Amino acid sequence: MSEFFDAPKDDNFASAGLRLTVDLTALTENWRDMARRSGAARTSAVVKADAYGMGIEDAGEALYMAGARDFFVATVDEGVTLRLYAPEARIFVLSGIWPGTERRFFDNDLVPVISSDEQLAFWMAVLADYGDYPCALHVDTGFNRLGLHIDDAIALADDVSRPASFAPVLVMSHLACADDPTHAMNRQQLESFHRVSAAYEGIDSSLAASAGIFLGEDYHFDLTRPGIALYGGEAVCGMANQMRPVATAEARIIQVRSVEAGETVSYGRALQLRRESRLAIASAGYADGYMRSQSSGGVPLRQVVPQGGQGFIAGRTVPVAGRITMDLTIFDITDLPDNAVRAGDYVELFGKNLPVDDVARASGTIGYEILTSMGLRHERRYLAEE
């Protein structure tokens, strides 16, 4: 039987179906932690993907106030937004520059990261029209994603015919296997990047993102680029997470219902109840980034990883019951006291009690995807020390 509840009409967060609490103090402490680990290198902040789902405006401003002066975004749109909250920062746009976007770069003082021959050719043409303007060069050292070929980048450094206005302020690359400190690829890429750094002597170099910082001083160069670690996620496989949790996601319980033993739950009758049970139906589903692969049954992942997803409510973890649906998830609360949960309460989907990377493992993915997939339907609240 459903229960009705009253919620303040003037507080969107208090009555939101899905809400996200972002601890800005934990965010900035994580940045300071990564800055300490970076030693003599300066420490930037990666705020792409709307600051990993935390909100680029508030997260960017908090990191700027904490001392970050170098930022990395994915797109020019993100750079334009961030500029309002980080007025004196150097903002690098990882997707680079394309015809028609140059005025937005210049007007908002954004630095394009040049990562392909096509972008390099266009950038040279832009310099011919507009004069001196900084850029960064992304060089591929084995990742085979974005980046100039290493031999081409080194040849460019030695090319006396290049325009005098071509003046990179940063050369960078990205590690493919830094989350595994024992992987031989790390040392191979480091050796390759030393060739690039030497060719661009006097220009800042950057190789290490979050996991690379944990590899040690050899990988730090002039500028480090922490991302997932700032937001409380695991950066290194097999190592206890030392970062503070930043985000807590919660979904409102819409209904609590009693179900007889032998009945089935959700699509496909994926779960048959072995006992009389109480179920709590929460207002979050895969349309909100709460992944269907966490379902307790009826999805392929359960054949490989037996444990499905869990929520946290009334001081206890409770399992997902049956398949997660588009807008709703069912939790089995039978083991909680009878009156511990009622309609209108909130169940934690991940956060301080359920680490996001544990939730990710039950989903067959990584914490990055969970954080950045929470969708547009959540209401955010920010916490910060006065």
# chains A, B, ... in the order shown; residues from 1 in each chain; ligands from 1
$ select_by_dssp --residues "segment 128-228 of chain A" --states "strand (DSSP E or B)" --output "PyMOL selection string"
chain A and resi 133-140+148-149+166-172+204-206+209+223-225
$ closest_atom_pairs --of "segment 232-299 of chain A" --to "segment 50-74 of chain A" --cutoff "12 Å" --atoms "only C-alpha atoms" --output "tab-separated table"
residue	atom	partner	partner_atom	distance
A:Gly232	CA	A:Tyr52	CA	10.5
A:Gly233	CA	A:Tyr52	CA	10.3
A:Val246	CA	A:Met54	CA	8.7
A:Ala247	CA	A:Met54	CA	7.4
A:Thr248	CA	A:Met54	CA	10.3
A:Ala249	CA	A:Met54	CA	10.9
A:Asp288	CA	A:Gly53	CA	11.9
A:Gly289	CA	A:Gly53	CA	10.9
$ closest_atom_pairs --of "segment 225-299 of chain A" --to "segment 208-214 of chain A" --cutoff "6 Å" --atoms "only C-alpha atoms" --output "JSON lines"
{"residue": "A:Arg225", "atom": "CA", "partner": "A:Ala209", "partner_atom": "CA", "distance": 4.4}
{"residue": "A:Pro226", "atom": "CA", "partner": "A:Ser210", "partner_atom": "CA", "distance": 4.2}
{"residue": "A:Gly227", "atom": "CA", "partner": "A:Ser210", "partner_atom": "CA", "distance": 5.8}
{"residue": "A:Ala229", "atom": "CA", "partner": "A:Ser210", "partner_atom": "CA", "distance": 5.8}
{"residue": "A:Ala235", "atom": "CA", "partner": "A:Ala211", "partner_atom": "CA", "distance": 4.9}
{"residue": "A:Val236", "atom": "CA", "partner": "A:Ala211", "partner_atom": "CA", "distance": 5.7}
$ write_last_selection --atoms "N, CA, C and O atoms" --output "mmCIF file, in the first residue's frame"
data_model
loop_
_atom_site.group_PDB
_atom_site.id
_atom_site.type_symbol
_atom_site.label_atom_id
_atom_site.label_comp_id
_atom_site.auth_asym_id
_atom_site.auth_seq_id
_atom_site.Cartn_x
_atom_site.Cartn_y
_atom_site.Cartn_z
ATOM 1 N N ARG A 225 47.896 16.334 -14.619
ATOM 2 C CA ARG A 225 46.519 16.563 -15.057
ATOM 3 C C ARG A 225 45.542 15.622 -14.336
ATOM 4 O O ARG A 225 44.921 14.751 -14.957
ATOM 5 N N PRO A 226 45.356 15.754 -13.029
ATOM 6 C CA PRO A 226 44.422 14.860 -12.342
ATOM 7 C C PRO A 226 42.982 15.088 -12.788
ATOM 8 O O PRO A 226 42.542 16.225 -12.965
ATOM 9 N N GLY A 227 42.267 13.985 -12.961
ATOM 10 C CA GLY A 227 40.856 14.026 -13.315
ATOM 11 C C GLY A 227 40.048 13.211 -12.322
ATOM 12 O O GLY A 227 39.575 13.729 -11.320
ATOM 13 N N ALA A 229 40.635 11.271 -9.891
ATOM 14 C CA ALA A 229 41.009 11.322 -8.478
ATOM 15 C C ALA A 229 40.405 12.535 -7.781
ATOM 16 O O ALA A 229 40.080 12.477 -6.592
ATOM 17 N N ALA A 235 41.948 5.616 -9.059
ATOM 18 C CA ALA A 235 42.814 5.868 -10.208
ATOM 19 C C ALA A 235 43.685 4.661 -10.542
ATOM 20 O O ALA A 235 44.052 4.460 -11.699
ATOM 21 N N VAL A 236 44.014 3.855 -9.542
ATOM 22 C CA VAL A 236 44.954 2.749 -9.719
ATOM 23 C C VAL A 236 44.282 1.443 -9.308
ATOM 24 O O VAL A 236 43.741 1.333 -8.202
#
$ closest_residue --among "A:Gln189, A:Ser115, A:Ser266, A:Ser161" --to "Gly147 of chain A" --atoms "only C-alpha atoms"
A:Ser115
$ residues_around --residues "Asp33 of chain A" --least-positions-apart "4" --cutoff "9 Å" --atoms "only C-alpha atoms" --output "VMD selection string"
chain A and resid 28 to 29 37 to 38 230 243
$ select_by_dssp --residues "segment 111-287 of chain A" --states "helix (DSSP H, G or I)" --output "number ranges by chain"
A: 117-130, 150-158, 184-199, 210-214, 217-219, 228-231, 267-269, 286-287
$ residues_around --residues "Leu354 of chain A" --least-positions-apart "2" --cutoff "10 Å" --atoms "only C-alpha atoms" --output "list in words"
Pro245, Thr248, Ala249, Gln310, Gly311, Phe312, Thr317, Glu348, Leu349, Phe350, Gly351, Lys352, Val356, Asp357, Asp358 and Val359 of chain A
$ write_last_selection --atoms "N, CA, C and O atoms" --output "mmCIF file, in the first residue's frame"
data_model
loop_
_atom_site.group_PDB
_atom_site.id
_atom_site.type_symbol
_atom_site.label_atom_id
_atom_site.label_comp_id
_atom_site.auth_asym_id
_atom_site.auth_seq_id
_atom_site.Cartn_x
_atom_site.Cartn_y
_atom_site.Cartn_z
ATOM 1 N N PRO A 245 35.484 10.825 -0.943
ATOM 2 C CA PRO A 245 34.300 10.784 -1.811
ATOM 3 C C PRO A 245 33.724 12.181 -1.981
ATOM 4 O O PRO A 245 33.640 12.951 -1.033
ATOM 5 N N THR A 248 27.443 12.131 -3.817
ATOM 6 C CA THR A 248 26.484 11.174 -3.263
ATOM 7 C C THR A 248 25.193 11.292 -4.060
ATOM 8 O O THR A 248 24.579 12.364 -4.100
ATOM 9 N N ALA A 249 24.803 10.209 -4.715
ATOM 10 C CA ALA A 249 23.570 10.180 -5.501
ATOM 11 C C ALA A 249 22.487 9.452 -4.711
ATOM 12 O O ALA A 249 22.733 8.391 -4.120
ATOM 13 N N GLN A 310 23.499 -2.563 -5.310
ATOM 14 C CA GLN A 310 22.946 -2.374 -3.988
ATOM 15 C C GLN A 310 22.626 -0.902 -3.772
ATOM 16 O O GLN A 310 23.203 -0.023 -4.415
ATOM 17 N N GLY A 311 21.734 -0.643 -2.850
ATOM 18 C CA GLY A 311 21.497 0.695 -2.361
ATOM 19 C C GLY A 311 21.805 0.745 -0.881
ATOM 20 O O GLY A 311 22.081 -0.292 -0.245
ATOM 21 N N PHE A 312 21.760 1.944 -0.320
ATOM 22 C CA PHE A 312 22.004 2.104 1.114
ATOM 23 C C PHE A 312 20.889 2.953 1.690
ATOM 24 O O PHE A 312 20.664 4.082 1.239
ATOM 25 N N THR A 317 22.861 -1.773 3.677
ATOM 26 C CA THR A 317 22.819 -1.997 2.237
ATOM 27 C C THR A 317 21.646 -2.909 1.924
ATOM 28 O O THR A 317 21.324 -3.824 2.694
ATOM 29 N N GLU A 348 20.478 5.764 -1.049
ATOM 30 C CA GLU A 348 21.759 6.154 -1.650
ATOM 31 C C GLU A 348 22.120 5.163 -2.757
ATOM 32 O O GLU A 348 22.121 3.949 -2.545
ATOM 33 N N LEU A 349 22.447 5.697 -3.929
ATOM 34 C CA LEU A 349 22.861 4.871 -5.065
ATOM 35 C C LEU A 349 24.374 4.709 -5.098
ATOM 36 O O LEU A 349 24.887 3.672 -5.497
ATOM 37 N N PHE A 350 25.089 5.745 -4.737
ATOM 38 C CA PHE A 350 26.521 5.688 -4.479
ATOM 39 C C PHE A 350 26.895 6.922 -3.674
ATOM 40 O O PHE A 350 26.172 7.908 -3.658
ATOM 41 N N GLY A 351 28.027 6.845 -2.982
ATOM 42 C CA GLY A 351 28.447 7.978 -2.173
ATOM 43 C C GLY A 351 29.331 7.543 -1.030
ATOM 44 O O GLY A 351 30.147 6.628 -1.169
ATOM 45 N N LYS A 352 29.142 8.151 0.134
ATOM 46 C CA LYS A 352 30.010 7.873 1.272
ATOM 47 C C LYS A 352 29.825 6.454 1.786
ATOM 48 O O LYS A 352 30.753 5.844 2.331
ATOM 49 N N VAL A 356 31.629 4.717 -5.285
ATOM 50 C CA VAL A 356 31.188 4.702 -6.678
ATOM 51 C C VAL A 356 31.866 3.587 -7.461
ATOM 52 O O VAL A 356 31.263 2.995 -8.365
ATOM 53 N N ASP A 357 33.092 3.243 -7.110
ATOM 54 C CA ASP A 357 33.780 2.193 -7.862
ATOM 55 C C ASP A 357 33.245 0.805 -7.519
ATOM 56 O O ASP A 357 33.291 -0.095 -8.359
ATOM 57 N N ASP A 358 32.706 0.611 -6.312
ATOM 58 C CA ASP A 358 32.033 -0.656 -5.999
ATOM 59 C C ASP A 358 30.757 -0.788 -6.821
ATOM 60 O O ASP A 358 30.426 -1.866 -7.330
ATOM 61 N N VAL A 359 30.032 0.315 -6.946
ATOM 62 C CA VAL A 359 28.834 0.321 -7.787
ATOM 63 C C VAL A 359 29.222 0.030 -9.234
ATOM 64 O O VAL A 359 28.547 -0.725 -9.943
#
$ atom_distance --atom1 "atom CA of Gln119 of chain A" --atom2 "atom CA of Trp98 of chain A"
6.9 Å
$ closest_residue --among "A:Cys177, A:Ala49, A:Ala251, A:Ala199" --to "Phe13 of chain A" --atoms "only C-alpha atoms"
A:Ala251
$ atom_distance --atom1 "atom CA of Val160 of chain A" --atom2 "atom CA of Ser197 of chain A"
17.9 Å
